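Structure data (mmCIF, C-alpha atoms) from input-v6.cif:
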```
data_protein
#
loop_
_atom_site.group_PDB
_atom_site.id
_atom_site.type_symbol
_atom_site.label_atom_id
_atom_site.label_comp_id
_atom_site.auth_asym_id
_atom_site.auth_seq_id
_atom_site.Cartn_x
_atom_site.Cartn_y
_atom_site.Cartn_z
ATOM 1 C CA MET A 1 160.469 158.073 149.722
ATOM 2 C CA PHE A 2 161.855 155.557 147.246
ATOM 3 C CA MET A 3 160.846 152.011 147.944
ATOM 4 C CA ALA A 4 162.389 149.000 146.355
ATOM 5 C CA ASN A 5 160.102 146.921 144.145
ATOM 6 C CA GLU A 6 158.900 143.792 145.712
ATOM 7 C CA ALA A 7 160.328 140.577 144.297
ATOM 8 C CA PRO A 8 158.233 139.300 141.389
ATOM 9 C CA GLU A 9 155.998 136.344 142.044
ATOM 10 C CA THR A 10 157.542 133.079 141.028
ATOM 11 C CA SER A 11 156.035 131.568 137.878
ATOM 12 C CA GLU A 12 153.945 128.432 138.118
ATOM 13 C CA GLU A 13 156.112 125.390 138.467
ATOM 14 C CA LEU A 14 156.488 123.236 135.322
ATOM 15 C CA LYS A 15 154.757 119.882 135.817
ATOM 16 C CA ILE A 16 156.634 116.949 134.356
ATOM 17 C CA PRO A 17 154.336 114.021 133.483
ATOM 18 C CA SER A 18 155.179 110.670 134.918
ATOM 19 C CA ILE A 19 156.484 107.852 132.766
ATOM 20 C CA GLU A 20 153.262 105.962 133.374
ATOM 21 C CA SER A 21 151.036 108.800 132.094
ATOM 22 C CA LEU A 22 153.262 109.163 129.010
ATOM 23 C CA ARG A 23 152.877 105.467 128.303
ATOM 24 C CA GLU A 24 149.092 105.712 128.667
ATOM 25 C CA GLU A 25 148.926 108.679 126.280
ATOM 26 C CA LEU A 26 151.118 106.883 123.764
ATOM 27 C CA ALA A 27 148.886 103.814 123.971
ATOM 28 C CA ARG A 28 145.797 105.986 123.374
ATOM 29 C CA GLU A 29 147.338 107.539 120.258
ATOM 30 C CA GLU A 30 148.436 104.170 118.912
ATOM 31 C CA SER A 31 144.926 102.841 119.557
ATOM 32 C CA LYS A 32 143.398 105.724 117.568
ATOM 33 C CA HIS A 33 145.706 105.137 114.625
ATOM 34 C CA GLY A 34 145.189 101.377 114.824
ATOM 35 C CA PHE A 35 141.409 101.831 114.811
ATOM 36 C CA ARG A 36 141.625 104.109 111.755
ATOM 37 C CA ARG A 37 143.847 101.597 109.957
ATOM 38 C CA THR A 38 141.373 98.833 110.765
ATOM 39 C CA LEU A 39 138.467 100.886 109.413
ATOM 40 C CA TRP A 40 140.366 101.590 106.185
ATOM 41 C CA ASN A 41 141.231 97.908 105.818
ATOM 42 C CA ILE A 42 137.608 96.872 106.358
ATOM 43 C CA ALA A 43 136.398 99.506 103.889
ATOM 44 C CA GLY A 44 138.908 98.259 101.316
ATOM 45 C CA VAL A 45 137.824 94.640 101.756
ATOM 46 C CA LEU A 46 134.144 95.614 101.441
ATOM 47 C CA VAL A 47 134.827 97.525 98.216
ATOM 48 C CA VAL A 48 136.646 94.500 96.774
ATOM 49 C CA ILE A 49 133.837 92.133 97.830
ATOM 50 C CA ALA A 50 131.220 94.460 96.321
ATOM 51 C CA ALA A 51 133.153 94.637 93.056
ATOM 52 C CA ILE A 52 133.565 90.850 92.880
ATOM 53 C CA SER A 53 129.884 90.328 93.746
ATOM 54 C CA ALA A 54 128.793 92.737 91.035
ATOM 55 C CA LEU A 55 131.012 90.968 88.509
ATOM 56 C CA MET A 56 129.765 87.542 89.561
ATOM 57 C CA ALA A 57 126.149 88.699 89.470
ATOM 58 C CA THR A 58 126.452 89.941 85.920
ATOM 59 C CA ARG A 59 128.714 87.213 84.557
ATOM 60 C CA LEU A 60 128.243 84.008 86.500
ATOM 61 C CA PHE A 61 125.491 84.267 89.105
ATOM 62 C CA VAL A 62 122.037 85.728 89.609
ATOM 63 C CA LEU A 63 120.886 86.706 93.095
ATOM 64 C CA ILE A 64 117.289 85.678 93.842
ATOM 65 C CA ARG A 65 115.041 86.244 96.852
ATOM 66 C CA ILE A 66 112.505 83.457 97.365
ATOM 67 C CA ASN A 67 108.903 84.644 97.293
ATOM 68 C CA GLY A 68 106.251 82.069 98.162
ATOM 69 C CA ASN A 69 106.148 78.540 99.539
ATOM 70 C CA SER A 70 106.061 76.356 96.410
ATOM 71 C CA MET A 71 109.602 75.051 97.078
ATOM 72 C CA GLU A 72 109.267 74.312 100.806
ATOM 73 C CA PRO A 73 110.900 72.717 102.706
ATOM 74 C CA THR A 74 113.975 73.068 100.463
ATOM 75 C CA LEU A 75 113.590 76.820 99.968
ATOM 76 C CA GLU A 76 111.542 79.051 102.238
ATOM 77 C CA SER A 77 110.014 82.437 101.508
ATOM 78 C CA GLY A 78 112.455 85.274 102.249
ATOM 79 C CA GLU A 79 115.596 83.214 101.695
ATOM 80 C CA ILE A 80 118.265 84.464 99.271
ATOM 81 C CA VAL A 81 120.040 82.144 96.834
ATOM 82 C CA PHE A 82 122.624 82.409 94.070
ATOM 83 C CA LEU A 83 121.651 80.949 90.726
ATOM 84 C CA ARG A 84 124.630 79.814 88.631
ATOM 85 C CA GLN A 85 123.986 80.747 85.017
ATOM 86 C CA THR A 86 124.215 77.597 82.914
ATOM 87 C CA LYS A 87 122.201 75.549 80.450
ATOM 88 C CA GLU A 88 123.777 72.314 81.704
ATOM 89 C CA ILE A 89 121.016 70.880 83.862
ATOM 90 C CA GLU A 90 120.842 67.452 85.470
ATOM 91 C CA MET A 91 117.627 65.852 86.630
ATOM 92 C CA GLY A 92 117.087 66.613 90.299
ATOM 93 C CA ASP A 93 118.671 70.086 90.049
ATOM 94 C CA LEU A 94 116.859 73.151 91.336
ATOM 95 C CA VAL A 95 116.532 75.270 88.205
ATOM 96 C CA GLY A 96 115.548 78.854 87.526
ATOM 97 C CA PHE A 97 113.726 79.774 84.342
ATOM 98 C CA TYR A 98 112.027 82.815 82.861
ATOM 99 C CA TYR A 99 108.247 82.883 83.049
ATOM 100 C CA GLY A 100 106.021 85.941 82.756
ATOM 101 C CA GLY A 101 108.923 88.365 83.086
ATOM 102 C CA ARG A 102 110.330 86.839 86.253
ATOM 103 C CA ILE A 103 112.423 83.884 87.330
ATOM 104 C CA LEU A 104 110.678 80.848 88.806
ATOM 105 C CA LEU A 105 112.503 78.115 90.730
ATOM 106 C CA LYS A 106 111.470 74.454 90.400
ATOM 107 C CA ARG A 107 113.071 71.017 90.425
ATOM 108 C CA ALA A 108 114.003 69.338 87.135
ATOM 109 C CA ILE A 109 112.296 65.938 87.054
ATOM 110 C CA GLY A 110 112.269 64.749 83.449
ATOM 111 C CA ASP A 111 114.221 65.476 80.260
ATOM 112 C CA ALA A 112 113.071 65.519 76.641
ATOM 113 C CA GLY A 113 111.629 62.149 75.615
ATOM 114 C CA ASP A 114 111.121 60.924 79.196
ATOM 115 C CA TYR A 115 107.769 59.485 80.232
ATOM 116 C CA ILE A 116 106.427 61.008 83.444
ATOM 117 C CA ASP A 117 103.775 59.418 85.621
ATOM 118 C CA ILE A 118 102.383 60.536 89.002
ATOM 119 C CA ASP A 119 100.009 58.299 90.920
ATOM 120 C CA GLN A 120 97.214 59.325 93.290
ATOM 121 C CA GLU A 121 99.559 59.100 96.295
ATOM 122 C CA GLY A 122 101.978 61.545 94.668
ATOM 123 C CA ASN A 123 104.703 59.042 93.772
ATOM 124 C CA VAL A 124 106.606 60.170 90.668
ATOM 125 C CA TYR A 125 107.809 57.729 88.026
ATOM 126 C CA VAL A 126 110.230 58.531 85.220
ATOM 127 C CA ASN A 127 110.310 55.982 82.388
ATOM 128 C CA GLY A 128 108.500 53.500 84.612
ATOM 129 C CA GLU A 129 110.906 53.831 87.574
ATOM 130 C CA LYS A 130 109.818 55.415 90.835
ATOM 131 C CA ILE A 131 112.240 58.208 91.753
ATOM 132 C CA ASP A 132 113.541 58.779 95.277
ATOM 133 C CA GLU A 133 112.584 62.219 96.581
ATOM 134 C CA PRO A 134 114.062 62.714 100.082
ATOM 135 C CA TYR A 135 113.641 66.497 99.741
ATOM 136 C CA LEU A 136 109.825 66.236 100.050
ATOM 137 C CA ASP A 137 107.921 66.692 103.303
ATOM 138 C CA LYS A 138 104.775 65.277 101.751
ATOM 139 C CA LYS A 139 103.916 63.523 98.497
ATOM 140 C CA ASP A 140 100.817 64.772 96.716
ATOM 141 C CA LEU A 141 99.387 64.625 93.210
ATOM 142 C CA GLY A 142 98.216 68.218 93.745
ATOM 143 C CA LYS A 143 96.482 70.210 91.059
ATOM 144 C CA CYS A 144 97.152 68.423 87.774
ATOM 145 C CA GLU A 145 95.811 68.995 84.267
ATOM 146 C CA LEU A 146 97.865 66.292 82.506
ATOM 147 C CA GLU A 147 97.014 62.775 81.459
ATOM 148 C CA PHE A 148 99.665 60.246 82.466
ATOM 149 C CA PRO A 149 101.917 58.805 81.322
ATOM 150 C CA TYR A 150 103.079 62.083 79.803
ATOM 151 C CA GLN A 151 106.030 62.346 77.412
ATOM 152 C CA VAL A 152 108.256 65.399 77.742
ATOM 153 C CA PRO A 153 108.438 67.175 74.350
ATOM 154 C CA ARG A 154 111.715 67.650 72.489
ATOM 155 C CA GLY A 155 113.907 70.481 73.769
ATOM 156 C CA MET A 156 112.051 70.754 77.077
ATOM 157 C CA ILE A 157 112.271 69.635 80.705
ATOM 158 C CA PHE A 158 109.528 68.673 83.145
ATOM 159 C CA VAL A 159 109.653 70.579 86.455
ATOM 160 C CA LEU A 160 107.889 70.225 89.803
ATOM 161 C CA GLY A 161 107.892 72.285 92.998
ATOM 162 C CA ASP A 162 108.903 70.508 96.201
ATOM 163 C CA ASN A 163 105.674 71.595 97.895
ATOM 164 C CA ARG A 164 103.469 69.545 95.564
ATOM 165 C CA THR A 165 100.201 70.578 97.251
ATOM 166 C CA VAL A 166 100.480 74.244 96.251
ATOM 167 C CA SER A 167 103.131 74.421 93.520
ATOM 168 C CA ILE A 168 102.163 75.602 90.037
ATOM 169 C CA ASP A 169 104.499 73.772 87.674
ATOM 170 C CA SER A 170 104.590 71.438 84.653
ATOM 171 C CA ARG A 171 101.403 69.716 85.872
ATOM 172 C CA ILE A 172 99.512 72.895 84.923
ATOM 173 C CA LYS A 173 99.089 73.659 81.224
ATOM 174 C CA SER A 174 99.573 77.414 81.714
ATOM 175 C CA ILE A 175 103.213 76.723 82.646
ATOM 176 C CA GLY A 176 103.798 73.282 81.145
ATOM 177 C CA CYS A 177 107.254 72.006 80.351
ATOM 178 C CA VAL A 178 110.139 74.467 80.282
ATOM 179 C CA GLU A 179 112.060 75.160 77.094
ATOM 180 C CA ARG A 180 115.837 74.952 77.363
ATOM 181 C CA ASP A 181 116.076 78.546 76.152
ATOM 182 C CA GLN A 182 113.987 79.672 79.158
ATOM 183 C CA ILE A 183 116.498 78.251 81.636
ATOM 184 C CA VAL A 184 118.664 80.775 83.488
ATOM 185 C CA GLY A 185 120.634 78.279 85.545
ATOM 186 C CA ARG A 186 120.597 76.141 88.663
ATOM 187 C CA VAL A 187 120.592 77.022 92.358
ATOM 188 C CA ALA A 188 124.152 76.765 93.647
ATOM 189 C CA PHE A 189 124.325 78.536 97.016
ATOM 190 C CA ARG A 190 122.013 79.734 99.784
ATOM 191 C CA ALA A 191 123.262 83.093 101.119
ATOM 192 C CA TRP A 192 120.496 83.870 103.636
ATOM 193 C CA PRO A 193 119.569 83.147 106.367
ATOM 194 C CA LEU A 194 122.984 82.577 107.909
ATOM 195 C CA ALA A 195 121.743 79.538 109.835
ATOM 196 C CA ARG A 196 120.958 77.762 106.523
ATOM 197 C CA MET A 197 123.760 79.244 104.417
ATOM 198 C CA GLY A 198 125.711 76.829 102.250
ATOM 199 C CA ILE A 199 126.213 75.089 98.931
ATOM 200 C CA MET A 200 123.105 73.487 97.455
ATOM 201 C CA HIS A 201 123.087 70.320 95.339
#
```

What do you get writing this file as structure tokens?
Amino acid sequence: MFMANEAPETSEELKIPSIESLREELAREESKHGFRRTLWNIAGVLVVIAAISALMATRLFVLIRINGNSMEPTLESGEIVFLRQTKEIEMGDLVGFYYGGRILLKRAIGDAGDYIDIDQEGNVYVNGEKIDEPYLDKKDLGKCELEFPYQVPRGMIFVLGDNRTVSIDSRIKSIGCVERDQIVGRVAFRAWPLARMGIMH
């Protein structure tokens, strides 16, 4: 006996998303694209900064990490500074110079022809005048192999570390005065740590 086919099952009803869910999905997509754009922008800025830093390091500045405590409290071990390459040095500047295949940092105290004297209390005199040294924590004659008054030879500068007790500098004959040709430049900027970052005079 012929039987009529049963009516086919109705297909699953089409669900139409609400306006609110569409808005949420759109916001998610925009957020993804915005995040990607931000990452690309940051990457671009970092590439530019790296390129500028490399150029500055080779042309204008030298990046130096402080190793040791001879310049405390002005510079502490582990800090990172930029040295501006120049031969124009003023007395009182923090200068970098080549010694033994590396760069040492000390403070320029006396120029060629100047008479330097240091008394037992660690007071420094240049051409008979006591110099003001607010950057020192403690004055000290330290280890010294010179007879004072001492005249700085032609074409040289007399340098001292700020931590006079331990610094090896122009007071020691093995280092002595620094020739102008040895000078790399002067400390211009402290880059690390962030808490002490800033221009240095």

Next item on the list: Using the chain letters and numbering of this document, enumerate as a ChimeraX atom specification the residues selected by the PyMOL selection byres ((chain A and resi 85-90) around 6).
Entry: /A:60-61,84,91,93,184-185

Notebook entry, point to check: Written as a list of chain:residue names, which residues does the PyMOL selection byres ((chain A and resi 77) around 7) give for the file shown?
Noted result: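 With the PyMOL selection byres ((chain A and resi 77) around 7) on this model, the match is A:Ile66, A:Asn67, A:Gly68, A:Asn69, A:Leu75, A:Glu76, A:Gly78, A:Glu79.
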
Next item on the list: Compare A:Ile157, A:Cys177, A:Ile199, A:Met71 by their minimum atom-to-atom distance to A:Ala108, counting only C-alpha atoms, and give me the closest one.
Entry: A:Ile157

Notebook entry, point to check: So which one's closest to A:Met156, A:Gly198, A:Gly122, A:Gly142, A:Gly110? Using all atoms listed in the file, please.
Noted result: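 Of all the options, A:Gly110 lies closest to A:Met156.
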
Checklist line | Closest of A:Asp117, A:Gln151, A:Pro73, A:Leu194 to A:Arg164 - atom-to-atom distances counting all atoms listed in the file | finding: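 Answer, going by the shortest atom-to-atom distance: A:Pro73.
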
Notebook entry, point to check: Counting only C-alpha atoms, what is within 8 Å of stretch 144-150 of chain A, bar same-chain residues fewer than 6 positions away, as a list in words?
Noted result: Tyr115, Ile116, Asp117, Ile118, Arg171, Ile172 and Lys173 of chain A

Next item on the list: Grab the atom CA of A:Phe189 to atom CA of A:Thr165 distance for me, in Å with one decimal place.
Entry: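 Separation between atom CA of A:Phe189 and atom CA of A:Thr165: 25.4 Å.
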
Centre, x/y/z edge lengths, axis-aligned box for stretch 187-197 of chain A with 5 Å per side, as JSON:
```
{"center_x": 121.9, "center_y": 80.3, "center_z": 101.1, "size_x": 14.8, "size_y": 17.1, "size_z": 27.5}
```

Next item on the list: Identify which of the residues A:Lys138, A:Arg65, A:Arg102, A:Arg37 lies closest to A:Ile80, counting all atoms listed in the file when measuring atom-to-atom distances.
Entry: A:Arg65

Next item on the list: Give as a ChimeraX atom specification the set of residues within 7 Å of the point (119.2, 80.9, 91.6), where distances use the file's coordinates and all atoms listed in the file.
Entry: /A:62-64,81-84,96,185-188

Checklist line | Residue with smallest distance to A:Leu94 - pool A:Leu141, A:Val159, A:Ile42, A:Val178, counting all atoms listed in the file | finding: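 Smallest distance to A:Leu94 is found for A:Val159.
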
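Interatomic distance, atom CA of A:Asp137 against atom CA of A:Val166: 12.7 Å.
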
Next item on the list: Using only C-alpha atoms, find the one residue out of A:Gly128, A:Gly92, A:Pro193, A:Gly155 that sits nearest to A:Lys106.
Entry: A:Gly92

Checklist line | Interatomic distance (Å, one decimal) between atom CA of A:Asn123 and atom CA of A:Gly176 | finding: 19.1 Å

Could you model N, CA and C atoms for stretch 62-75 of chain A and present them as a compact mmCIF listing (two decimals), in the coordinates of the input?
```
# COMPACT_ATOMS: atom_id res chain seq x y z
N VAL A 62 123.19 84.85 89.45
CA VAL A 62 122.04 85.73 89.61
C VAL A 62 121.56 85.58 91.05
N LEU A 63 121.34 86.70 91.71
CA LEU A 63 120.89 86.71 93.10
C LEU A 63 119.36 86.74 93.10
N ILE A 64 118.75 85.79 93.83
CA ILE A 64 117.29 85.68 93.84
C ILE A 64 116.78 85.58 95.27
N ARG A 65 115.73 86.35 95.56
CA ARG A 65 115.04 86.24 96.85
C ARG A 65 113.79 85.40 96.66
N ILE A 66 113.63 84.38 97.49
CA ILE A 66 112.50 83.46 97.36
C ILE A 66 111.22 84.15 97.81
N ASN A 67 110.21 84.04 96.98
CA ASN A 67 108.90 84.64 97.29
C ASN A 67 107.83 83.57 97.12
N GLY A 68 107.27 83.11 98.23
CA GLY A 68 106.25 82.07 98.16
C GLY A 68 106.75 80.76 98.77
N ASN A 69 105.84 79.80 98.84
CA ASN A 69 106.15 78.54 99.54
C ASN A 69 106.10 77.31 98.65
N SER A 70 106.19 77.50 97.32
CA SER A 70 106.06 76.36 96.41
C SER A 70 107.27 75.43 96.44
N MET A 71 108.41 75.90 97.02
CA MET A 71 109.60 75.05 97.08
C MET A 71 109.94 74.60 98.49
N GLU A 72 109.03 74.81 99.44
CA GLU A 72 109.27 74.31 100.81
C GLU A 72 109.27 72.80 100.82
N PRO A 73 110.04 72.13 101.67
CA PRO A 73 110.90 72.72 102.71
C PRO A 73 112.31 73.09 102.22
N THR A 74 112.62 72.81 100.95
CA THR A 74 113.98 73.07 100.46
C THR A 74 114.31 74.54 100.50
N LEU A 75 113.41 75.37 99.99
CA LEU A 75 113.59 76.82 99.97
C LEU A 75 112.37 77.48 100.61
```
